[in-house]
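Q: Data: data_8.tsv, TSV, C-alpha atoms and all ligand atoms.
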```tsv
chain	number	residue	atom	x	y	z
A	1	MET	CA	17.44	29.46	21.70
A	2	THR	CA	19.58	28.64	24.69
A	3	GLU	CA	22.84	26.80	24.41
A	4	GLU	CA	21.98	25.19	27.73
A	5	ASN	CA	18.79	23.63	26.36
A	6	LEU	CA	20.48	22.45	23.22
A	7	HIS	CA	23.14	20.62	25.13
A	8	ASP	CA	20.83	18.98	27.64
A	9	SER	CA	21.37	15.26	27.57
A	10	PRO	CA	18.38	13.12	26.52
A	11	THR	CA	16.23	11.84	29.33
A	12	THR	CA	13.73	9.91	27.19
A	13	ASP	CA	13.80	7.51	24.25
A	14	PRO	CA	14.82	9.17	21.01
A	15	LEU	CA	11.91	10.53	18.99
A	16	ASP	CA	11.52	8.60	15.73
A	17	LEU	CA	11.34	11.25	13.00
A	18	HIS	CA	9.47	8.88	10.72
A	19	ALA	CA	6.83	8.07	13.31
A	20	CYS	CA	6.36	11.16	15.46
A	21	THR	CA	3.46	13.56	15.21
A	22	HIS	CA	3.68	17.29	14.52
A	23	GLY	CA	2.71	17.87	18.15
A	24	GLN	CA	5.58	15.75	19.43
A	25	LEU	CA	8.03	17.62	17.25
A	26	LEU	CA	6.67	20.97	18.44
A	27	ALA	CA	7.07	19.81	22.04
A	28	LEU	CA	10.67	18.85	21.37
A	29	MET	CA	11.35	22.25	19.79
A	30	ALA	CA	9.85	23.96	22.84
A	31	GLU	CA	11.96	21.81	25.12
A	32	LEU	CA	15.07	22.75	23.16
A	33	GLY	CA	14.13	26.43	23.30
A	34	GLN	CA	13.54	26.56	19.54
A	35	PRO	CA	10.90	28.48	17.62
A	36	ALA	CA	7.95	26.44	16.33
A	37	PHE	CA	8.83	26.99	12.66
A	38	ARG	CA	11.83	24.69	13.13
A	39	ALA	CA	9.38	21.78	13.39
A	40	ALA	CA	8.04	22.57	9.92
A	41	GLN	CA	11.58	22.84	8.56
A	42	ILE	CA	12.44	19.42	9.99
A	43	GLU	CA	9.24	17.92	8.58
A	44	ASP	CA	10.09	19.35	5.18
A	45	TRP	CA	13.43	17.52	5.27
A	46	VAL	CA	11.89	14.27	6.42
A	47	TRP	CA	8.68	14.18	4.37
A	48	SER	CA	9.46	16.18	1.23
A	49	LYS	CA	13.18	15.77	0.77
A	50	GLY	CA	13.48	12.24	2.16
A	51	VAL	CA	16.30	13.24	4.52
A	52	ALA	CA	16.19	12.01	8.10
A	53	SER	CA	19.77	12.61	9.21
A	54	PRO	CA	19.95	15.92	11.15
A	55	ASP	CA	23.50	16.46	9.82
A	56	GLU	CA	22.06	16.99	6.35
A	57	MET	CA	19.39	19.50	7.43
A	58	THR	CA	21.48	22.43	6.32
A	59	ASN	CA	19.03	25.25	7.10
A	60	LEU	CA	19.04	24.38	10.82
A	61	PRO	CA	21.57	25.94	13.20
A	62	LYS	CA	24.52	23.65	13.81
A	63	ALA	CA	23.78	23.39	17.53
A	64	LEU	CA	20.21	22.28	16.81
A	65	ARG	CA	21.45	19.65	14.37
A	66	GLY	CA	23.64	18.29	17.15
A	67	ALA	CA	20.77	18.30	19.64
A	68	LEU	CA	18.50	16.56	17.14
A	69	ALA	CA	21.10	13.89	16.49
A	70	ALA	CA	21.08	13.17	20.23
A	71	ARG	CA	17.32	13.36	20.73
A	72	THR	CA	15.91	11.74	17.60
A	73	SER	CA	16.28	8.64	15.54
A	74	ALA	CA	15.10	7.77	12.08
A	75	SER	CA	14.12	4.27	11.16
A	76	SER	CA	15.99	4.40	7.89
A	77	ALA	CA	15.25	1.35	5.84
A	78	VAL	CA	18.19	-0.48	4.34
A	79	GLU	CA	17.93	-1.85	0.83
A	80	LEU	CA	18.81	-5.53	0.98
A	81	ALA	CA	18.19	-6.34	-2.65
A	82	ARG	CA	16.73	-5.00	-5.85
A	83	GLN	CA	15.67	-6.35	-9.20
A	84	VAL	CA	14.93	-4.52	-12.42
A	85	SER	CA	12.24	-5.81	-14.79
A	86	LEU	CA	12.38	-5.71	-18.57
A	87	ASP	CA	9.36	-3.38	-18.39
A	88	GLY	CA	11.36	-0.90	-16.28
A	89	SER	CA	9.73	-1.75	-12.94
A	90	ARG	CA	12.07	-2.05	-9.99
A	91	LYS	CA	11.46	-4.20	-6.95
A	92	TYR	CA	13.24	-3.52	-3.67
A	93	LEU	CA	13.55	-5.58	-0.52
A	94	LEU	CA	13.91	-3.16	2.41
A	95	ARG	CA	14.93	-4.07	5.93
A	96	PHE	CA	13.67	-2.01	8.85
A	97	LYS	CA	15.50	-1.37	12.08
A	98	ASP	CA	14.32	-4.50	13.90
A	99	GLY	CA	15.23	-6.73	10.97
A	100	ALA	CA	11.68	-7.13	9.57
A	101	ALA	CA	11.70	-6.77	5.80
A	102	ALA	CA	9.16	-5.98	3.11
A	103	GLU	CA	9.11	-5.41	-0.60
A	104	CYS	CA	7.99	-2.43	-2.63
A	105	VAL	CA	7.86	-1.84	-6.36
A	106	GLY	CA	8.29	1.24	-8.55
A	107	MET	CA	6.46	1.21	-11.88
A	108	PRO	CA	7.45	4.05	-14.22
A	109	GLY	CA	5.28	5.28	-17.09
A	110	THR	CA	5.18	8.32	-19.33
A	111	ARG	CA	5.48	11.21	-16.88
A	112	LYS	CA	4.22	8.86	-14.17
A	113	LEU	CA	5.67	6.87	-11.34
A	114	SER	CA	3.44	4.44	-9.47
A	115	VAL	CA	4.62	2.80	-6.30
A	116	CYS	CA	3.25	-0.38	-4.77
A	117	VAL	CA	3.88	-0.56	-1.03
A	118	SER	CA	3.61	-3.22	1.65
A	119	THR	CA	1.70	-2.51	4.84
A	120	GLN	CA	2.89	-5.55	6.75
A	121	ALA	CA	5.96	-7.76	6.79
A	122	GLY	CA	4.32	-11.00	5.70
A	123	CYS	CA	0.56	-11.49	5.96
A	124	ALA	CA	-1.82	-13.47	8.14
A	125	MET	CA	-4.62	-13.81	5.59
A	126	GLY	CA	-3.27	-16.96	3.99
A	127	CYS	CA	-4.64	-16.54	0.45
A	128	VAL	CA	-3.57	-19.81	-1.09
A	129	PHE	CA	-2.41	-18.38	-4.42
A	130	CYS	CA	-0.20	-15.71	-2.84
A	131	ALA	CA	3.51	-15.97	-2.14
A	132	THR	CA	3.26	-13.62	0.85
A	133	GLY	CA	0.34	-15.53	2.34
A	134	ARG	CA	2.45	-18.65	2.53
A	135	SER	CA	5.00	-17.14	4.89
A	136	GLY	CA	2.58	-15.83	7.56
A	137	LEU	CA	2.67	-12.50	9.38
A	138	ILE	CA	5.85	-11.18	10.94
A	139	ARG	CA	4.54	-7.77	12.01
A	140	SER	CA	2.61	-4.76	10.82
A	141	LEU	CA	4.60	-1.81	9.50
A	142	THR	CA	4.40	1.69	10.94
A	143	ALA	CA	3.12	4.61	8.88
A	144	GLY	CA	6.70	5.86	8.73
A	145	GLU	CA	7.90	2.55	7.32
A	146	ILE	CA	5.14	2.56	4.69
A	147	TYR	CA	6.01	6.15	3.77
A	148	GLU	CA	9.70	5.34	3.60
A	149	GLN	CA	9.04	2.76	0.90
A	150	VAL	CA	7.55	5.48	-1.28
A	151	MET	CA	10.49	7.80	-0.59
A	152	HIS	CA	12.96	5.03	-1.34
A	153	VAL	CA	11.41	4.43	-4.75
A	154	ARG	CA	11.07	8.16	-5.44
A	155	ASN	CA	14.71	8.80	-4.62
A	156	ASP	CA	15.85	5.87	-6.74
A	157	PHE	CA	13.90	7.01	-9.81
A	158	ASN	CA	14.60	10.64	-8.93
A	159	THR	CA	11.15	11.68	-10.07
A	160	ARG	CA	7.79	12.65	-8.61
A	161	VAL	CA	5.51	9.85	-7.44
A	162	THR	CA	2.11	10.23	-9.09
A	163	SER	CA	0.23	7.34	-7.47
A	164	VAL	CA	0.61	4.78	-4.72
A	165	VAL	CA	-1.17	1.45	-4.44
A	166	PHE	CA	-1.29	-0.36	-1.12
A	167	MET	CA	-1.20	-3.77	-2.77
A	168	GLY	CA	2.13	-5.19	-1.67
A	169	GLN	CA	2.62	-7.56	1.22
A	170	GLY	CA	0.00	-7.57	3.93
A	171	GLU	CA	-3.65	-6.71	4.41
A	172	PRO	CA	-3.76	-2.90	4.81
A	173	PHE	CA	-7.03	-2.99	6.76
A	174	ALA	CA	-5.49	-5.36	9.31
A	175	ASN	CA	-3.14	-2.43	9.98
A	176	TYR	CA	-5.81	0.25	9.56
A	177	ASP	CA	-4.50	3.11	11.70
A	178	GLU	CA	-0.96	3.09	10.35
A	179	THR	CA	-2.25	2.66	6.80
A	180	LEU	CA	-4.47	5.69	7.21
A	181	LYS	CA	-1.66	7.75	8.72
A	182	ALA	CA	0.55	6.86	5.76
A	183	LEU	CA	-2.23	7.75	3.30
A	184	ARG	CA	-2.71	11.13	4.95
A	185	ARG	CA	1.01	11.82	4.99
A	186	LEU	CA	1.32	10.96	1.28
A	187	ASN	CA	-1.64	13.22	0.55
A	188	ALA	CA	-0.42	16.17	2.65
A	189	SER	CA	0.63	19.30	0.84
A	190	GLY	CA	3.74	19.59	3.02
A	191	ALA	CA	4.80	16.10	2.00
A	192	LEU	CA	4.43	14.30	-1.33
A	193	ASN	CA	1.08	15.93	-2.12
A	194	ILE	CA	-0.33	12.95	-4.02
A	195	GLY	CA	-4.03	13.36	-4.81
A	196	ALA	CA	-6.30	11.20	-2.63
A	197	ARG	CA	-7.84	9.54	-5.69
A	198	HIS	CA	-4.39	8.42	-6.72
A	199	LEU	CA	-3.91	6.62	-3.42
A	200	THR	CA	-5.49	3.16	-3.57
A	201	VAL	CA	-5.93	0.72	-0.72
A	202	SER	CA	-6.56	-2.90	-1.57
A	203	THR	CA	-8.31	-5.17	0.91
A	204	CYS	CA	-9.34	-8.77	0.66
A	205	GLY	CA	-12.66	-7.73	2.18
A	206	LEU	CA	-12.52	-6.84	5.89
A	207	ILE	CA	-16.05	-5.53	6.29
A	208	PRO	CA	-15.77	-3.42	9.49
A	209	GLN	CA	-12.81	-1.55	8.02
A	210	ILE	CA	-14.54	-1.05	4.64
A	211	LEU	CA	-17.36	0.65	6.54
A	212	ARG	CA	-14.90	2.70	8.55
A	213	PHE	CA	-13.06	3.70	5.36
A	214	ALA	CA	-16.38	4.94	3.94
A	215	ASN	CA	-16.47	7.51	6.72
A	216	GLU	CA	-13.01	8.95	6.14
A	217	PRO	CA	-13.26	12.44	4.70
A	218	GLU	CA	-10.61	11.99	1.99
A	219	GLN	CA	-11.41	10.57	-1.44
A	220	PHE	CA	-8.99	7.67	-1.25
A	221	THR	CA	-9.68	4.83	-3.67
A	222	LEU	CA	-10.81	1.41	-2.52
A	223	ALA	CA	-9.95	-1.86	-4.25
A	224	VAL	CA	-11.41	-5.16	-3.09
A	225	SER	CA	-9.89	-8.51	-4.01
A	226	LEU	CA	-12.80	-10.75	-4.95
A	227	HIS	CA	-11.18	-13.59	-6.90
A	228	SER	CA	-14.50	-15.45	-6.75
A	229	THR	CA	-18.10	-14.58	-5.97
A	230	ILE	CA	-18.99	-18.19	-5.29
A	231	GLN	CA	-18.76	-18.59	-1.54
A	232	LYS	CA	-17.21	-22.05	-1.54
A	233	THR	CA	-14.49	-21.10	-4.01
A	234	ARG	CA	-13.74	-17.82	-2.28
A	235	ASP	CA	-13.49	-19.55	1.10
A	236	ALA	CA	-11.01	-22.02	-0.35
A	237	LEU	CA	-8.91	-19.35	-2.05
A	238	MET	CA	-9.04	-16.75	0.74
A	239	PRO	CA	-9.45	-18.53	4.08
A	240	GLY	CA	-8.57	-15.35	6.00
A	241	VAL	CA	-11.89	-13.72	5.08
A	242	LYS	CA	-14.11	-16.78	5.45
A	243	ARG	CA	-15.89	-15.11	8.35
A	244	PHE	CA	-17.18	-12.36	6.07
A	245	SER	CA	-19.73	-13.82	3.70
A	246	LEU	CA	-20.17	-12.52	0.18
A	247	VAL	CA	-23.73	-11.49	1.07
A	248	HIS	CA	-22.39	-9.23	3.81
A	249	LEU	CA	-19.57	-7.99	1.63
A	250	TYR	CA	-22.09	-7.05	-1.07
A	251	ALA	CA	-24.15	-5.13	1.48
A	252	ALA	CA	-21.07	-3.38	2.89
A	253	LEU	CA	-19.94	-2.31	-0.57
A	254	GLY	CA	-23.44	-0.97	-1.22
A	255	GLU	CA	-23.16	1.08	1.94
A	256	TYR	CA	-19.69	2.26	0.91
A	257	THR	CA	-20.83	3.46	-2.52
A	258	ASP	CA	-24.00	5.05	-1.15
A	259	LYS	CA	-22.03	6.96	1.41
A	260	THR	CA	-19.03	8.02	-0.69
A	261	GLY	CA	-20.40	8.07	-4.23
A	262	ARG	CA	-17.02	6.60	-5.20
A	263	ARG	CA	-16.51	3.60	-7.41
A	264	PRO	CA	-14.56	0.72	-5.89
A	265	THR	CA	-12.41	-1.55	-8.01
A	266	TYR	CA	-12.85	-5.31	-7.79
A	267	GLU	CA	-9.76	-7.39	-8.38
A	268	PHE	CA	-10.26	-10.81	-9.89
A	269	ALA	CA	-7.16	-12.91	-10.60
A	270	LEU	CA	-8.02	-15.67	-13.03
A	271	MET	CA	-6.76	-19.16	-12.20
A	272	ARG	CA	-7.13	-21.85	-14.78
A	273	GLY	CA	-9.86	-24.34	-13.92
A	274	VAL	CA	-10.43	-22.76	-10.49
A	275	ASN	CA	-12.31	-19.48	-10.91
A	276	ASP	CA	-12.48	-18.98	-14.67
A	277	THR	CA	-15.59	-21.12	-15.32
A	278	ASP	CA	-18.87	-19.98	-16.88
A	279	GLU	CA	-20.50	-20.37	-13.48
A	280	GLU	CA	-18.00	-17.87	-12.06
A	281	ILE	CA	-18.75	-15.42	-14.88
A	282	ASP	CA	-22.50	-15.67	-14.18
A	283	SER	CA	-21.94	-15.18	-10.48
A	284	LEU	CA	-19.63	-12.19	-10.97
A	285	CYS	CA	-22.16	-10.59	-13.32
A	286	ASP	CA	-24.84	-11.02	-10.63
A	287	PHE	CA	-22.57	-9.51	-7.98
A	288	CYS	CA	-21.71	-6.45	-10.07
A	289	ARG	CA	-24.85	-5.79	-12.10
A	290	GLY	CA	-26.43	-2.43	-11.28
A	291	THR	CA	-23.73	-1.45	-8.78
A	292	LEU	CA	-21.02	1.18	-8.88
A	293	CYS	CA	-17.80	-0.71	-9.59
A	294	HIS	CA	-14.99	-1.36	-11.99
A	295	VAL	CA	-13.62	-4.86	-12.41
A	296	ASN	CA	-9.95	-5.56	-13.02
A	297	ILE	CA	-9.38	-8.98	-14.50
A	298	ILE	CA	-5.86	-10.02	-13.65
A	299	GLN	CA	-4.12	-12.89	-15.30
A	300	LEU	CA	-2.49	-14.64	-12.40
A	301	ASN	CA	1.26	-14.72	-12.37
A	302	GLU	CA	2.97	-18.04	-12.19
A	303	ILE	CA	4.55	-18.66	-8.77
A	304	SER	CA	7.09	-21.43	-8.71
A	305	GLY	CA	5.80	-24.44	-6.81
A	306	SER	CA	2.21	-23.13	-6.82
A	307	PRO	CA	-0.61	-25.44	-7.95
A	308	PHE	CA	-2.38	-22.41	-9.50
A	309	HIS	CA	-1.80	-21.44	-13.08
A	310	PRO	CA	-2.84	-18.46	-15.20
A	311	SER	CA	-6.00	-18.66	-17.24
A	312	THR	CA	-5.97	-18.12	-21.00
A	313	SER	CA	-6.46	-14.71	-22.61
A	314	GLU	CA	-9.64	-16.07	-24.21
A	315	ARG	CA	-11.15	-16.74	-20.78
A	316	ALA	CA	-10.12	-13.27	-19.61
A	317	GLN	CA	-11.82	-11.77	-22.65
A	318	ALA	CA	-14.95	-13.85	-21.98
A	319	PHE	CA	-15.20	-12.23	-18.53
A	320	ILE	CA	-14.82	-8.75	-20.01
A	321	ASP	CA	-17.43	-9.39	-22.72
A	322	ARG	CA	-20.01	-10.86	-20.36
A	323	LEU	CA	-19.56	-8.08	-17.81
A	324	ALA	CA	-19.95	-5.50	-20.59
A	325	ARG	CA	-23.24	-7.11	-21.56
A	326	VAL	CA	-24.64	-6.42	-18.09
A	327	GLY	CA	-23.29	-2.87	-18.11
A	328	VAL	CA	-20.20	-3.42	-15.94
A	329	GLU	CA	-16.92	-1.85	-16.97
A	330	ALA	CA	-13.99	-4.21	-16.78
A	331	THR	CA	-10.42	-4.24	-17.99
A	332	ILE	CA	-7.71	-6.82	-18.25
A	333	ARG	CA	-4.89	-5.58	-16.14
A	334	ASN	CA	-1.36	-6.30	-17.16
A	335	SER	CA	0.73	-7.01	-14.15
A	336	ARG	CA	4.00	-5.15	-14.11
A	337	GLY	CA	7.27	-6.78	-13.17
A	338	ALA	CA	6.12	-10.37	-13.54
A	339	ASP	CA	9.62	-11.39	-14.66
A	340	ILE	CA	11.08	-10.28	-11.32
A	341	ASP	CA	8.28	-11.72	-9.16
A	342	ALA	CA	7.11	-8.17	-8.45
A	343	ALA	CA	3.60	-8.64	-9.74
A	344	CYS	CA	0.44	-9.20	-7.76
A	345	GLY	CA	0.64	-12.20	-5.48
A	346	GLN	CA	4.35	-12.67	-6.07
A	347	LEU	CA	5.86	-10.51	-3.34
A	348	ARG	CA	7.49	-12.23	-0.45
A	349	GLN	CA	10.31	-11.69	1.93
A	350	ARG	CA	13.15	-13.09	0.03
A	351	VAL	CA	16.64	-11.88	-0.68
A	352	ILE	CA	17.12	-12.03	-4.40
A	353	SER	CA	20.66	-12.62	-5.56
A	401	LIG	S1	-3.20	-11.70	-1.40
A	401	LIG	FE1	-2.89	-9.97	0.00
A	401	LIG	S2	-4.22	-10.42	1.75
A	401	LIG	FE2	-3.98	-12.35	0.62
A	401	LIG	S3	-2.25	-13.37	1.63
A	401	LIG	FE3	-1.44	-12.21	-0.09
A	401	LIG	S4	-0.79	-10.27	0.80
A	401	LIG	FE4	-2.19	-11.23	2.25
```
Before anything else, please render the file you have as structure tokens.
A:
Amino acid sequence: MTEENLHDSPTTDPLDLHACTHGQLLALMAELGQPAFRAAQIEDWVWSKGVASPDEMTNLPKALRGALAARTSASSAVELARQVSLDGSRKYLLRFKDGAAAECVGMPGTRKLSVCVSTQAGCAMGCVFCATGRSGLIRSLTAGEIYEQVMHVRNDFNTRVTSVVFMGQGEPFANYDETLKALRRLNASGALNIGARHLTVSTCGLIPQILRFANEPEQFTLAVSLHSTIQKTRDALMPGVKRFSLVHLYAALGEYTDKTGRRPTYEFALMRGVNDTDEEIDSLCDFCRGTLCHVNIIQLNEISGSPFHPSTSERAQAFIDRLARVGVEATIRNSRGADIDAACGQLRQRVIS
């Protein structure tokens, strides 16, 4: 280590500790005349301990902490608002350094903590039943910003995160590279070490990315929002994926299961009088029969001002029973945090007082 190196003034933009690669950190250590193991120590602070301020990295020499403070930045998210549900879920609105904001949710269980993260601030897909879809896309989030949401929830609950679902605001596959980086970081043993199967990405059906996802080596879990298997209804509900027909989606999912041997989950949010008819049940049975899948029937959450309303429990049960008759496993999923607008389709960029 040379004092001279450590006190060199920065000549480039600060390195964002939440976004930089291991290689970039190693290069910075070399530039500062530091041994390579310092990079791993810094990553341990950032990714395992959730600390991005060099001042708090107590196992680093003081001079290095000073140099890091001058040469790096950390896009620490600021919590703008939070709400706590009667079921114990907590929803947070986080603001990133450029002012873009997104919501994430922590859902505790017995010895479990699930986190739902956003991959974009807003969303361009325009699903008509979704609060996020109504506000449009502001921007995609970086892998660091996605990861930070998980750390924020973990630190608030002060417990280990056991699973993460990428089902908050945004279409993860419209932000594929950063989503994948975040998945890998969450899965890494030097970071949160969450098993790949406990990391679930939910897409509304972007076919090229589903096929790309099938080729990733990790066993991440795929969820696909169907919401209707009748083309006309699906087009009306999910205009953002109109260009991908159900026939092609079916073929792509076949390719995905053949290649990975993994079972995707199909999400189906029931809306009274819209997609809960007998015709929809028949069509869904046809779509799923003989394929590897699990269907989650979700009873839509009421969004104020929305023309869509939840279906009855009887209709939900009718879907489950009919699917069972054709050998398809299905469950009715209880949305968590519905009382704080934290449930599926309810997230949006809003400051809650
Ligand atoms: S349901 Fe998902 S993909 Fe559709 S608009 Fe909402 S956030 Fe976007």
Q: Determine, using only C-alpha atoms, which residues of region 239-270 of chain A have any atom at most 9 Å from an atom of region 196-213 of chain A, and tabulate each with its shortest atom pair and distance in Å to one decimal place, rows ordered by chain and then rising number, as a tab-separated table.
A:
```
residue	atom	partner	partner_atom	distance
A:Gly240	CA	A:Cys204	CA	8.5
A:Val241	CA	A:Gly205	CA	6.7
A:Phe244	CA	A:Ile207	CA	6.9
A:His248	CA	A:Ile207	CA	7.7
A:Leu249	CA	A:Ile207	CA	6.3
A:Ala252	CA	A:Ile207	CA	6.4
A:Leu253	CA	A:Ile210	CA	7.6
A:Glu255	CA	A:Leu211	CA	7.4
A:Tyr256	CA	A:Leu211	CA	6.3
A:Thr265	CA	A:Ser202	CA	8.8
A:Glu267	CA	A:Ser202	CA	8.8
```
Q: Give me the residues within 8 Å of Met57 (chain A) as a VMD selection string, counting all atoms listed in the file and dropping any in the same chain fewer than 5 places off.
A: chain A and resid 42 45 51 65
Q: Distance CA of Asn187 (chain A)-CA of Val164 (chain A), one decimal place?
A: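 These atoms are spaced 10.2 Å apart.
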Q: Could you please extract the residues within 8 Å of ligand LIG 401 (chain A), counting all atoms listed in the file, and hand them back as a PDB file with C-alpha atoms, in the coordinates of the input?
A:
```
ATOM      1  CA  GLY A 122       4.320 -11.000   5.700  1.00  0.00           C
ATOM      2  CA  CYS A 123       0.560 -11.490   5.960  1.00  0.00           C
ATOM      3  CA  ALA A 124      -1.820 -13.470   8.140  1.00  0.00           C
ATOM      4  CA  MET A 125      -4.620 -13.810   5.590  1.00  0.00           C
ATOM      5  CA  GLY A 126      -3.270 -16.960   3.990  1.00  0.00           C
ATOM      6  CA  CYS A 127      -4.640 -16.540   0.450  1.00  0.00           C
ATOM      7  CA  VAL A 128      -3.570 -19.810  -1.090  1.00  0.00           C
ATOM      8  CA  PHE A 129      -2.410 -18.380  -4.420  1.00  0.00           C
ATOM      9  CA  CYS A 130      -0.200 -15.710  -2.840  1.00  0.00           C
ATOM     10  CA  ALA A 131       3.510 -15.970  -2.140  1.00  0.00           C
ATOM     11  CA  THR A 132       3.260 -13.620   0.850  1.00  0.00           C
ATOM     12  CA  GLY A 133       0.340 -15.530   2.340  1.00  0.00           C
ATOM     13  CA  ARG A 134       2.450 -18.650   2.530  1.00  0.00           C
ATOM     14  CA  MET A 167      -1.200  -3.770  -2.770  1.00  0.00           C
ATOM     15  CA  GLY A 168       2.130  -5.190  -1.670  1.00  0.00           C
ATOM     16  CA  GLN A 169       2.620  -7.560   1.220  1.00  0.00           C
ATOM     17  CA  GLY A 170       0.000  -7.570   3.930  1.00  0.00           C
ATOM     18  CA  GLU A 171      -3.650  -6.710   4.410  1.00  0.00           C
ATOM     19  CA  THR A 203      -8.310  -5.170   0.910  1.00  0.00           C
ATOM     20  CA  CYS A 204      -9.340  -8.770   0.660  1.00  0.00           C
ATOM     21  CA  SER A 225      -9.890  -8.510  -4.010  1.00  0.00           C
ATOM     22  CA  MET A 238      -9.040 -16.750   0.740  1.00  0.00           C
ATOM     23  CA  GLY A 240      -8.570 -15.350   6.000  1.00  0.00           C
ATOM     24  CA  CYS A 344       0.440  -9.200  -7.760  1.00  0.00           C
ATOM     25  CA  GLY A 345       0.640 -12.200  -5.480  1.00  0.00           C
ATOM     26  CA  LEU A 347       5.860 -10.510  -3.340  1.00  0.00           C
TER      27      LEU A 347
END
```
Q: Looking at A:Arg263, A:Arg272, A:Lys97, A:His152, which one is nearest to Val117 (chain A), with distances taken over all atoms listed in the file?
A: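 When distances to Val117 (chain A) are compared using all atoms listed in the file, the smallest one comes from A:His152.
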Q: Within 8 Å of Gly106 (chain A), counting all atoms listed in the file, which residues qualify if same-chain residues fewer than 3 places away don't, as JSON, numbers by chain?
A: {"A": [89, 90, 91, 113, 114, 115, 116, 153]}
Q: Between A:Ala69, A:Ala269, A:Leu32, A:Leu60, which is the closest to Pro14 (chain A) once you count only C-alpha atoms?
A: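 Distance minimum relative to Pro14 (chain A) lands on A:Ala69.
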Q: Quick one: distance from CA of Glu329 (chain A) to CA of Phe268 (chain A) in Å, one decimal?
A: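 Spanning CA of Glu329 (chain A) to CA of Phe268 (chain A) is a straight-line distance of 13.2 Å.
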Q: Any idea what the distance is between CA of Thr229 (chain A) and CA of Glu302 (chain A)?
A: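 Going from CA of Thr229 (chain A) over to CA of Glu302 (chain A), I get 22.2 Å.
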Q: Quick one: of A:Ser245, A:Thr233, A:Gln41, A:Gln317, who's nearest to Glu280 (chain A), counting only C-alpha atoms?
A: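 Distance minimum relative to Glu280 (chain A) lands on A:Thr233.
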Q: Counting all atoms listed in the file, which of A:Ala19, A:Leu183, A:Leu284, A:Leu25 gets nearest to Arg234 (chain A)?
A: A:Leu284
Q: Could you pull the residues within 9 Å of Arg289 (chain A), counting all atoms listed in the file, minus those fewer than 6 positions along the same chain, as a PDB file with C-alpha atoms, keeping the file's coordinate frame?
A:
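Written output follows (part.pdb):
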```
ATOM      1  CA  LEU A 323     -19.560  -8.080 -17.810  1.00  0.00           C
ATOM      2  CA  VAL A 326     -24.640  -6.420 -18.090  1.00  0.00           C
ATOM      3  CA  GLY A 327     -23.290  -2.870 -18.110  1.00  0.00           C
ATOM      4  CA  VAL A 328     -20.200  -3.420 -15.940  1.00  0.00           C
TER       5      VAL A 328
END
```
Q: For Pro54 (chain A), which residue out of A:Leu17, A:Phe166, A:Ala330, A:Leu80 is the nearest one, using all atoms listed in the file?
A: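 The answer is A:Leu17, which sits nearest to Pro54 (chain A).
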Q: Would you compute the box with edges along x, y and z of the file around region 52-58 of chain A, including every atom the file lists for it and 3 Å extra on each side, and give its centre and edge lengths in Å to one decimal, as JSON?
A:
```
{"center_x": 19.8, "center_y": 17.2, "center_z": 8.7, "size_x": 13.3, "size_y": 16.4, "size_z": 10.8}
```
Q: Would you mind telling me which residue in A:Glu79, A:Ala191, A:Glu216, A:His18 lies nearest to Ile146 (chain A) when using only C-alpha atoms?
A: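 The answer is A:His18, which sits nearest to Ile146 (chain A).
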Q: Considering all atoms listed in the file, return as a ChimeraX atom specification whatever protein or nucleic-acid residues lie within 8 Å of Leu270 (chain A), sequence-local ones (same chain, fewer than 3 positions apart) excluded.
A: /A:227,274-276,297-300,310-311,316
